[in-house]
$ cat target00.csv   # CSV, C-alpha atoms
chain,number,residue,atom,x,y,z
A,186,VAL,CA,0.0,0.0,0.0
A,187,ARG,CA,1.4,3.4,-0.9
A,188,SER,CA,1.2,6.2,1.6
A,189,ARG,CA,-0.2,9.6,0.7
A,190,GLY,CA,2.8,11.5,2.1
A,191,LEU,CA,6.3,12.1,0.7
A,192,GLY,CA,7.4,8.6,1.4
A,193,ASP,CA,7.0,5.4,3.3
A,194,VAL,CA,5.8,6.3,6.8
A,195,TYR,CA,7.5,3.3,8.3
A,196,LYS,CA,10.9,4.6,7.3
A,197,ARG,CA,12.7,6.4,10.1
A,198,GLN,CA,15.8,8.1,8.8
A,199,MET,CA,17.9,10.7,10.4
A,200,ILE,CA,19.8,14.0,9.7
A,201,ILE,CA,22.6,14.6,12.1
A,202,HIS,CA,24.4,18.0,12.6
A,203,LEU,CA,27.9,17.5,14.0
A,204,LYS,CA,29.4,20.1,16.3
A,205,GLU,CA,31.4,22.8,14.5
A,206,ASN,CA,34.7,21.7,16.1
A,207,ILE,CA,34.5,18.2,14.4
A,208,ASP,CA,37.1,17.9,11.7
A,209,LYS,CA,36.6,16.1,8.4
A,210,VAL,CA,38.4,12.9,9.4
A,211,SER,CA,36.3,12.5,12.5
A,212,ALA,CA,33.2,13.4,10.5
A,213,ASN,CA,33.9,10.7,7.9
A,214,ASN,CA,34.4,8.1,10.7
A,215,ILE,CA,31.1,9.1,12.3
A,216,ALA,CA,29.3,8.9,8.9
A,217,LYS,CA,30.6,5.3,8.5
A,218,GLU,CA,29.5,4.5,12.0
A,219,VAL,CA,25.9,5.3,11.1
A,220,SER,CA,26.0,4.3,7.5
A,221,GLY,CA,25.3,7.8,6.4
A,222,ARG,CA,26.2,10.3,3.7
A,223,LEU,CA,28.4,13.3,4.7
A,224,ILE,CA,28.1,16.8,3.4
A,225,PHE,CA,29.5,20.1,4.5
A,226,ASP,CA,27.1,23.1,5.0
A,227,GLU,CA,28.8,26.4,5.7
A,228,LYS,CA,30.2,25.8,9.2
A,229,LYS,CA,29.3,22.2,10.0
A,230,PHE,CA,29.3,18.7,8.7
A,231,ILE,CA,25.9,17.1,8.2
A,232,ILE,CA,25.2,13.3,8.0
A,233,ILE,CA,22.1,12.0,6.2
A,234,THR,CA,21.4,8.4,7.1
A,235,SER,CA,19.8,5.8,4.8
A,236,SER,CA,19.2,3.2,7.5
A,237,LYS,CA,16.3,2.9,9.9
A,238,ASN,CA,17.8,4.8,12.8
A,239,LYS,CA,15.6,5.6,15.7
A,240,GLU,CA,18.2,7.5,17.8
A,241,VAL,CA,21.8,8.6,17.7
A,242,PRO,CA,24.2,5.9,18.9
A,243,GLU,CA,25.4,6.4,22.4
A,244,LYS,CA,29.2,6.5,21.6
A,245,ILE,CA,28.9,9.5,19.2
A,246,ARG,CA,26.4,11.6,21.1
A,247,GLU,CA,29.0,14.0,22.5
A,248,LYS,CA,30.0,14.9,18.9
A,249,ILE,CA,26.4,15.7,17.9
A,250,ASP,CA,24.9,19.2,18.0
A,251,GLU,CA,21.4,18.1,17.0
A,252,SER,CA,19.5,15.5,15.1
A,253,PHE,CA,16.3,15.1,13.2
A,254,ILE,CA,14.1,12.0,12.7
A,255,ILE,CA,12.5,12.0,9.2
A,256,ASP,CA,9.8,9.4,8.3
A,257,SER,CA,10.5,9.7,4.6
A,258,ASP,CA,13.1,9.4,1.8
A,259,ILE,CA,12.7,13.2,1.5
A,260,GLN,CA,15.0,14.6,4.1
A,261,LEU,CA,17.0,17.7,3.4
A,262,SER,CA,14.1,19.2,1.4
A,263,SER,CA,11.5,18.4,4.1
A,264,ARG,CA,9.8,21.0,6.3
A,265,LYS,CA,10.2,18.5,9.1
A,266,TYR,CA,13.9,19.4,8.8
A,267,ILE,CA,13.8,23.1,8.0
A,268,ASN,CA,10.3,24.5,8.6
A,269,LYS,CA,10.6,27.5,6.3
A,270,THR,CA,11.4,28.1,2.7
A,271,ARG,CA,15.2,28.2,2.0
A,272,LYS,CA,16.6,31.6,1.1
A,273,ILE,CA,18.5,31.6,-2.2
A,274,LYS,CA,20.8,34.5,-3.2
A,275,ILE,CA,21.3,35.1,-6.9
A,276,ASN,CA,23.9,37.8,-7.1
A,277,LYS,CA,22.1,41.0,-6.0
A,278,ILE,CA,18.7,39.4,-5.5
A,279,GLU,CA,17.2,36.9,-3.1
A,280,LEU,CA,14.1,34.7,-3.0
A,281,GLY,CA,12.6,32.3,-0.5
A,282,GLY,CA,13.1,32.8,3.2
A,283,SER,CA,11.2,35.8,4.5
A,284,THR,CA,11.8,37.9,1.4
A,285,LYS,CA,8.3,37.7,-0.1
A,286,ASN,CA,9.9,38.1,-3.5
A,287,THR,CA,8.4,36.6,-6.7
A,288,LEU,CA,11.1,36.4,-9.4
A,289,MET,CA,10.0,37.0,-13.0
A,290,ILE,CA,12.3,35.1,-15.3
A,291,THR,CA,11.7,35.8,-19.0
A,292,GLY,CA,13.3,35.5,-22.4
A,293,PRO,CA,13.1,33.3,-25.5
A,294,CYS,CA,12.9,29.5,-25.6
A,295,SER,CA,16.2,29.6,-27.5
A,296,ILE,CA,18.8,32.2,-28.2
A,297,GLU,CA,18.9,32.6,-32.0
A,298,SER,CA,21.0,35.6,-32.7
A,299,LYS,CA,22.6,38.6,-31.1
A,300,ASP,CA,19.9,40.9,-32.4
A,301,GLN,CA,17.1,38.7,-30.9
A,302,ILE,CA,18.7,38.5,-27.5
A,303,GLU,CA,19.5,42.2,-27.4
A,304,LYS,CA,15.8,43.0,-28.0
A,305,CYS,CA,14.9,40.6,-25.2
A,306,ALA,CA,17.3,42.3,-22.9
A,307,GLU,CA,15.7,45.7,-23.6
A,308,LEU,CA,12.3,44.2,-22.6
A,309,LEU,CA,13.7,43.2,-19.2
A,310,LYS,CA,15.4,46.5,-18.7
A,311,SER,CA,12.2,48.5,-19.5
A,312,ASN,CA,10.3,46.5,-16.8
A,313,GLY,CA,13.1,46.6,-14.2
A,314,LEU,CA,13.6,42.9,-14.3
A,315,THR,CA,16.8,41.1,-13.3
A,316,THR,CA,16.8,37.6,-14.8
A,317,LEU,CA,17.1,36.5,-18.5
A,318,ARG,CA,16.4,33.0,-19.7
A,319,ALA,CA,17.4,31.5,-23.0
A,320,GLY,CA,18.2,27.9,-24.1
A,321,CYS,CA,21.5,27.1,-25.8
A,322,PHE,CA,21.4,23.3,-25.7
A,323,LYS,CA,17.9,22.2,-26.7
A,324,PRO,CA,16.6,18.7,-25.9
A,325,ARG,CA,14.2,18.6,-28.8
A,326,THR,CA,11.8,15.7,-29.5
A,327,SER,CA,12.8,15.6,-33.2
A,328,PRO,CA,16.5,15.3,-34.3
A,329,TYR,CA,15.7,17.6,-37.2
A,330,SER,CA,14.5,20.5,-35.1
A,331,PHE,CA,16.7,23.5,-34.1
A,332,GLN,CA,19.1,22.1,-31.4
A,333,GLY,CA,20.4,25.5,-30.1
A,334,LEU,CA,23.6,27.5,-30.6
A,335,GLY,CA,25.5,25.6,-27.9
A,336,LEU,CA,28.6,27.3,-26.4
A,337,GLU,CA,28.3,30.2,-28.9
A,338,GLY,CA,24.9,31.0,-27.4
A,339,LEU,CA,26.3,30.8,-23.8
A,340,LYS,CA,29.0,33.3,-24.7
A,341,MET,CA,26.3,35.7,-26.2
A,342,LEU,CA,24.4,35.5,-23.0
A,343,SER,CA,27.5,36.2,-21.0
A,344,ASP,CA,28.0,39.3,-23.1
A,345,ILE,CA,24.5,40.4,-22.3
A,346,ARG,CA,25.1,39.9,-18.6
A,347,GLU,CA,28.2,42.1,-18.9
A,348,LYS,CA,26.3,44.9,-20.6
A,349,TYR,CA,23.1,44.8,-18.6
A,350,GLY,CA,24.0,43.2,-15.3
A,351,PHE,CA,21.3,40.5,-15.6
A,352,ASN,CA,21.3,37.1,-14.0
A,353,ILE,CA,21.4,34.4,-16.7
A,354,ILE,CA,19.6,31.1,-16.7
A,355,SER,CA,20.1,28.4,-19.3
A,356,GLU,CA,19.5,24.7,-19.6
A,357,VAL,CA,21.7,21.7,-19.2
A,358,LYS,CA,20.7,19.0,-21.8
A,359,ASP,CA,23.2,16.3,-20.8
A,360,ALA,CA,26.5,15.8,-18.9
A,361,SER,CA,28.7,16.7,-21.9
A,362,HIS,CA,28.3,20.4,-21.4
A,363,VAL,CA,27.3,20.8,-17.8
A,364,ASP,CA,30.6,22.5,-17.0
A,365,ASP,CA,30.0,25.1,-19.7
A,366,VAL,CA,26.5,26.0,-18.4
A,367,ILE,CA,27.9,26.2,-14.8
A,368,GLU,CA,30.7,28.6,-16.0
A,369,TYR,CA,28.5,31.0,-18.1
A,370,THR,CA,25.3,31.2,-16.2
A,371,ASP,CA,24.1,32.3,-12.8
A,372,ILE,CA,21.2,29.8,-12.5
A,373,ILE,CA,21.5,26.3,-13.9
A,374,GLN,CA,18.3,24.8,-15.4
A,375,ILE,CA,17.7,21.1,-15.4
A,376,GLY,CA,14.9,20.4,-17.8
A,377,ALA,CA,12.0,18.0,-17.5
A,378,LYS,CA,13.7,15.5,-19.8
A,379,ALA,CA,16.9,15.5,-17.7
A,380,MET,CA,15.2,15.2,-14.3
A,381,TYR,CA,16.4,11.6,-13.9
A,382,ASP,CA,19.9,12.2,-15.2
A,383,HIS,CA,21.9,11.4,-12.1
A,384,GLY,CA,25.2,12.6,-13.7
A,385,ILE,CA,23.7,16.1,-14.1
A,386,LEU,CA,22.1,16.1,-10.6
A,387,ARG,CA,25.3,15.0,-9.0
A,388,GLU,CA,27.5,17.5,-10.9
A,389,THR,CA,25.3,20.5,-10.2
A,390,GLY,CA,25.1,19.4,-6.6
A,391,ARG,CA,28.9,19.6,-6.3
A,392,GLN,CA,28.9,23.4,-6.8
A,393,ARG,CA,27.0,26.2,-5.2
A,394,LYS,CA,25.2,28.0,-8.0
A,395,PRO,CA,21.4,28.0,-7.8
A,396,VAL,CA,19.8,25.1,-9.7
A,397,LEU,CA,16.3,25.3,-11.1
A,398,LEU,CA,15.0,21.7,-11.4
A,399,LYS,CA,12.0,21.1,-13.6
A,400,ARG,CA,9.5,18.4,-13.0
A,401,GLY,CA,9.4,15.6,-15.5
A,402,PHE,CA,6.1,15.5,-17.3
A,403,GLY,CA,5.5,11.9,-16.3
A,404,SER,CA,6.9,12.2,-12.8
A,405,ASN,CA,4.9,12.2,-9.6
A,406,LEU,CA,5.7,14.6,-6.7
A,407,GLN,CA,7.7,12.0,-4.8
A,408,GLU,CA,10.0,11.4,-7.7
A,409,PHE,CA,10.3,15.1,-8.4
A,410,VAL,CA,11.4,16.0,-4.9
A,411,GLN,CA,13.7,13.0,-4.6
A,412,ALA,CA,15.5,14.3,-7.8
A,413,ALA,CA,16.1,17.5,-5.9
A,414,GLU,CA,17.4,15.5,-3.0
A,415,PHE,CA,20.2,14.2,-5.2
A,416,ILE,CA,21.4,17.8,-5.7
A,417,LEU,CA,21.0,18.7,-2.0
A,418,SER,CA,22.8,15.5,-0.9
A,419,GLU,CA,25.9,16.6,-2.8
A,420,GLY,CA,26.1,19.8,-0.7
A,421,ASN,CA,24.4,22.4,-2.8
A,422,PRO,CA,21.5,23.9,-0.8
A,423,ASN,CA,20.4,26.3,-3.6
A,424,VAL,CA,17.7,24.3,-5.3
A,425,MET,CA,14.4,25.6,-6.7
A,426,LEU,CA,11.5,23.4,-7.8
A,427,CYS,CA,9.8,24.2,-11.1
A,428,GLU,CA,6.4,22.9,-11.9
A,429,ARG,CA,5.9,23.1,-15.7
A,430,GLY,CA,2.9,20.8,-16.4
A,431,ILE,CA,2.4,17.1,-16.5
A,432,ARG,CA,1.1,14.8,-19.1
A,433,THR,CA,-2.6,13.8,-18.6
A,434,PHE,CA,-5.4,12.5,-20.8
A,435,GLU,CA,-6.1,16.0,-22.0
A,436,THR,CA,-5.2,16.8,-25.6
A,437,LYS,CA,-6.4,20.4,-26.0
A,438,THR,CA,-3.4,21.8,-24.0
A,439,ARG,CA,0.2,20.9,-24.2
A,440,PHE,CA,0.3,19.7,-20.6
A,441,THR,CA,-1.7,20.2,-17.4
A,442,LEU,CA,-0.4,22.6,-14.8
A,443,ASP,CA,-0.5,20.9,-11.5
A,444,LEU,CA,-1.5,23.6,-9.0
A,445,CYS,CA,-2.6,21.0,-6.5
A,446,GLY,CA,0.9,19.7,-6.6
A,447,VAL,CA,2.2,23.2,-6.0
A,448,SER,CA,0.1,23.4,-2.9
A,449,PHE,CA,1.5,20.1,-1.7
A,450,LEU,CA,5.1,21.2,-2.4
A,451,LYS,CA,4.5,24.5,-0.5
A,452,GLU,CA,3.2,22.6,2.5
A,453,HIS,CA,5.8,19.8,2.7
A,454,THR,CA,9.1,21.0,1.2
A,455,ASN,CA,11.4,23.9,2.1
A,456,LEU,CA,12.5,24.7,-1.5
A,457,PRO,CA,11.4,27.8,-3.4
A,458,ILE,CA,8.8,27.0,-6.1
A,459,ILE,CA,8.9,28.4,-9.6
A,460,LEU,CA,6.0,28.1,-12.1
A,461,ASP,CA,6.5,27.7,-15.9
A,462,THR,CA,3.1,28.5,-17.5
A,463,SER,CA,4.5,28.7,-21.0
A,464,HIS,CA,5.4,25.0,-21.3
A,465,ALA,CA,2.3,23.9,-19.3
A,466,MET,CA,-0.2,25.6,-21.6
A,467,GLY,CA,1.7,25.4,-24.9
A,468,TYR,CA,-0.3,28.2,-26.4
A,469,SER,CA,0.3,31.9,-25.8
A,470,TYR,CA,-3.3,32.8,-25.4
A,471,GLY,CA,-3.6,30.9,-22.1
A,472,VAL,CA,-0.3,32.0,-20.5
A,473,PRO,CA,-1.5,35.3,-18.9
A,474,ASP,CA,-4.5,33.7,-17.2
A,475,LEU,CA,-2.4,30.8,-15.8
A,476,THR,CA,0.3,33.2,-14.7
A,477,ARG,CA,-2.1,35.3,-12.7
A,478,ALA,CA,-3.4,32.2,-11.0
A,479,CYS,CA,0.1,31.2,-10.1
A,480,VAL,CA,0.9,34.6,-8.6
A,481,ALA,CA,-2.2,34.4,-6.5
A,482,MET,CA,-0.7,31.3,-4.9
A,483,GLY,CA,2.2,33.3,-3.5
A,484,ILE,CA,4.9,31.3,-5.3
A,485,ASP,CA,8.6,32.3,-5.4
A,486,GLY,CA,9.0,32.7,-9.1
A,487,LEU,CA,7.7,32.6,-12.7
A,488,LEU,CA,9.3,31.4,-15.9
A,489,ILE,CA,7.7,33.0,-18.9
A,490,GLU,CA,8.8,32.7,-22.5
A,491,SER,CA,8.9,35.9,-24.5
A,492,HIS,CA,10.2,36.6,-28.0
A,493,PRO,CA,10.4,39.7,-30.3
A,494,ASN,CA,8.5,37.8,-33.0
A,495,PRO,CA,7.2,34.5,-31.8
A,496,SER,CA,5.9,33.5,-35.3
A,497,GLU,CA,9.6,33.3,-36.4
A,498,ALA,CA,10.9,31.5,-33.3
A,499,LYS,CA,13.0,28.4,-34.0
A,500,SER,CA,11.5,26.5,-31.1
A,501,ASP,CA,8.2,26.5,-29.2
A,502,ALA,CA,6.8,29.4,-31.3
A,503,SER,CA,3.2,28.8,-30.3
A,504,GLN,CA,3.7,29.4,-26.5
A,505,GLN,CA,6.0,32.5,-26.5
A,506,LEU,CA,4.5,35.9,-25.8
A,507,ASN,CA,5.4,38.9,-28.0
A,508,PHE,CA,6.5,42.0,-26.1
A,509,ASP,CA,3.1,43.7,-26.1
A,510,GLU,CA,1.5,40.6,-24.7
A,511,PHE,CA,4.2,40.3,-22.0
A,512,ASN,CA,4.0,43.9,-21.0
A,513,LYS,CA,0.2,43.7,-20.6
A,514,MET,CA,0.4,40.5,-18.6
A,515,PHE,CA,3.2,41.9,-16.4
A,516,GLU,CA,1.2,45.0,-15.5
A,517,SER,CA,-1.8,42.8,-14.6
A,518,LEU,CA,0.3,40.8,-12.1
A,519,LYS,CA,1.2,43.8,-9.9
A,520,PRO,CA,-2.1,44.2,-8.1
A,521,ILE,CA,-2.3,40.4,-7.5
A,522,CYS,CA,1.2,40.5,-6.0
A,523,ASN,CA,0.0,43.3,-3.7
A,524,ALA,CA,-3.0,41.3,-2.7
A,525,VAL,CA,-0.9,38.3,-1.6
A,526,ASN,CA,1.9,40.4,-0.1
A,527,ARG,CA,4.5,39.6,-2.7
A,528,ASN,CA,7.2,41.7,-4.4
A,529,LEU,CA,7.5,41.1,-8.2
A,530,ILE,CA,11.2,41.4,-9.1

$ encode --input "target00.csv" --output "C-alpha cells"
Amino acid sequence: VRSRGLGDVYKRQMIIHLKENIDKVSANNIAKEVSGRLIFDEKKFIIITSSKNKEVPEKIREKIDESFIIDSDIQLSSRKYINKTRKIKINKIELGGSTKNTLMITGPCSIESKDQIEKCAELLKSNGLTTLRAGCFKPRTSPYSFQGLGLEGLKMLSDIREKYGFNIISEVKDASHVDDVIEYTDIIQIGAKAMYDHGILRETGRQRKPVLLKRGFGSNLQEFVQAAEFILSEGNPNVMLCERGIRTFETKTRFTLDLCGVSFLKEHTNLPIILDTSHAMGYSYGVPDLTRACVAMGIDGLLIESHPNPSEAKSDASQQLNFDEFNKMFESLKPICNAVNRNLI
C-alpha cells in the first residue's frame, strides 16, 4: 500500500548535525558508523542516514549538535527538517526565506541571434527585471529541429550579462556540457527530460550556484522532490523546484499545470517554487491567465517565454508571448502581488 505523504511512513531516517569543532576525518568516521552520507554546509558537517535509525548511537552523542528524525526518503528538502522556505541568493537578488519576492524570469525559448537576445534584454530593462532566460542546448523531440547555438549561445548570454547586469539562466541538456553551463550562467536549469539524469544532478550538486529543477512531465511529486534531494545531498543547498505541467489524458493543451501539486510542495518542502506556465499551456493565449493564478498562490518565481516575433521563433513558437503581450500581462500581475503580499522582481 502506498502512503499519501512524501514517502513510506514506516521509514525512520535521520539527519545529524555535527558540532562545529568536528574535523573532516572525524566526521567521515562518524558517517561510516551510522552508514550515512556526509556533506558540509557552511560551518558544519551534516550526515544523512539511509538506514532505519531511531536514535543517535550512544558512543557518538557527544559529537552531535542536534539530530532530526525524518519518516520519509525526502530529508534535506523536508519542512520537518527546515520549517521554512530556504533563502537563495542570486547575485544581487534573493528569493525564498522571508523575502516575499516573486522572481520574474523571462526571455526566449532559445537564443537565436545577437539581435534577438539584445531585444529581449531591452524588454527586461524596460520593466526593471533582473533575470534573463534562453536555451542554448535544446533537448528537442525531433533530431531535425533546431538544437540550439550551444557554447556560442552561452557566450552571447555572457556578453548580455556584462552589458546589462542580468542574471542568466540556461538549460543543461546532458552531462557533456554541464561545466560550460555552470561557467557561463548564474542559475542552472535542469529540464524536464533531464530530471532523472543522475550525472547532471550530482554534478550540479557539487557546486553552489542555484539550480532550477523542472518536474518531468511523467513524474509524480515523490520522484520530483527526490531528484532535488540528489542535488542537496551533494552539498548544494540552492535548489528551486519548477512545476511546468504534467502529461494527462487532456489533448487540448500541451500539458496540465498541477497547481494541486504546487500546494503540496509548499506545505511539505522547504524549497522555493517556480511556475512555468508557457510550457504547461503550450499556447500563448492561455499563458497570462495561468500566470495570474500562479501569482495568487504566493509562489517564489515565474518562468515565462517571450520573443520579439514568436511566429519566427525556431523552437516553441506557439507558446511564446510577444513583447506587447508580455507587458500587458506583467502590469496585470502587480495588483495580484500586492493582494498576496509579494514583491514582483

$ residues_around --input "target00.csv" --residues "region 462-467 of chain A" --least-positions-apart "3" --cutoff "6 Å" --atoms "all atoms listed in the file" --output "mmCIF file with C-alpha atoms, in the coordinates of the input"
data_model
loop_
_atom_site.group_PDB
_atom_site.id
_atom_site.type_symbol
_atom_site.label_atom_id
_atom_site.label_comp_id
_atom_site.auth_asym_id
_atom_site.auth_seq_id
_atom_site.Cartn_x
_atom_site.Cartn_y
_atom_site.Cartn_z
ATOM 1 C CA ARG A 429 5.900 23.100 -15.700
ATOM 2 C CA GLY A 430 2.900 20.800 -16.400
ATOM 3 C CA THR A 438 -3.400 21.800 -24.000
ATOM 4 C CA ARG A 439 0.200 20.900 -24.200
ATOM 5 C CA PHE A 440 0.300 19.700 -20.600
ATOM 6 C CA THR A 441 -1.700 20.200 -17.400
ATOM 7 C CA LEU A 442 -0.400 22.600 -14.800
ATOM 8 C CA VAL A 472 -0.300 32.000 -20.500
ATOM 9 C CA ILE A 489 7.700 33.000 -18.900
ATOM 10 C CA GLN A 504 3.700 29.400 -26.500
#

$ closest_residue --input "target00.csv" --among "A:Asp474, A:Glu297, A:Glu279, A:Glu388" --to "Ile367 (chain A)" --atoms "all atoms listed in the file"
A:Glu388

$ atom_distance --input "target00.csv" --atom1 "CA of Ile372 (chain A)" --atom2 "CA of Phe351 (chain A)"
11.1 Å

$ residues_around --input "target00.csv" --residues "Pro324 (chain A)" --least-positions-apart "5" --cutoff "8 Å" --atoms "all atoms listed in the file" --output "ChimeraX atom specification"
/A:332,358,378

$ atom_distance --input "target00.csv" --atom1 "CA of Ile259 (chain A)" --atom2 "CA of Asp365 (chain A)"
29.8 Å

$ atom_distance --input "target00.csv" --atom1 "CA of Arg318 (chain A)" --atom2 "CA of Asn526 (chain A)"
25.5 Å

$ closest_atom_pairs --input "target00.csv" --of "region 405-487 of chain A" --to "region 224-247 of chain A" --cutoff "9 Å" --atoms "only C-alpha atoms" --output "Markdown table"
| residue | atom | partner | partner_atom | distance |
| --- | --- | --- | --- | --- |
| A:Ser418 | CA | A:Ile224 | CA | 6.9 |
| A:Glu419 | CA | A:Ile224 | CA | 6.6 |
| A:Gly420 | CA | A:Ile224 | CA | 5.5 |
| A:Asn421 | CA | A:Asp226 | CA | 8.3 |
| A:Pro422 | CA | A:Asp226 | CA | 8.1 |

$ closest_residue --input "target00.csv" --among "A:Leu487, A:Ala481, A:Ile207, A:Ala502" --to "Asn523 (chain A)" --atoms "only C-alpha atoms"
A:Ala481

$ residues_around --input "target00.csv" --residues "Leu342 (chain A)" --least-positions-apart "4" --cutoff "8 Å" --atoms "all atoms listed in the file" --output "PyMOL selection string"
chain A and resi 302+338+346+353+369

$ closest_residue --input "target00.csv" --among "A:Asp443, A:Glu303, A:Glu251, A:Asp364" --to "Arg391 (chain A)" --atoms "all atoms listed in the file"
A:Asp364

$ residues_around --input "target00.csv" --residues "Phe409 (chain A)" --least-positions-apart "4" --cutoff "8 Å" --atoms "all atoms listed in the file" --output "PyMOL selection string"
chain A and resi 380+400-401+404-405+413

$ closest_residue --input "target00.csv" --among "A:Lys265, A:Arg222, A:Lys513, A:Arg527" --to "Ile201 (chain A)" --atoms "all atoms listed in the file"
A:Arg222

$ closest_residue --input "target00.csv" --among "A:Asn455, A:Ser491, A:Ser503, A:Thr476" --to "Lys272 (chain A)" --atoms "only C-alpha atoms"
A:Asn455

$ closest_residue --input "target00.csv" --among "A:Leu397, A:Met514, A:Cys321, A:Leu288" --to "Gly486 (chain A)" --atoms "only C-alpha atoms"
A:Leu288

$ residues_near_point --input "target00.csv" --point "(-1.8, 43.4, -10.6)" --cutoff "12 Å" --atoms "all atoms listed in the file" --output "list in words"
Pro473, Thr476, Arg477, Ala478, Val480, Ala481, Asn512, Lys513, Met514, Phe515, Glu516, Ser517, Leu518, Lys519, Pro520, Ile521, Cys522, Asn523, Ala524, Val525, Asn526, Arg527, Asn528 and Leu529 of chain A

$ residues_around --input "target00.csv" --residues "Ile345 (chain A)" --least-positions-apart "2" --cutoff "12 Å" --atoms "only C-alpha atoms" --output "ChimeraX atom specification"
/A:296,298-307,309-310,315-319,338-343,347-354,369-370
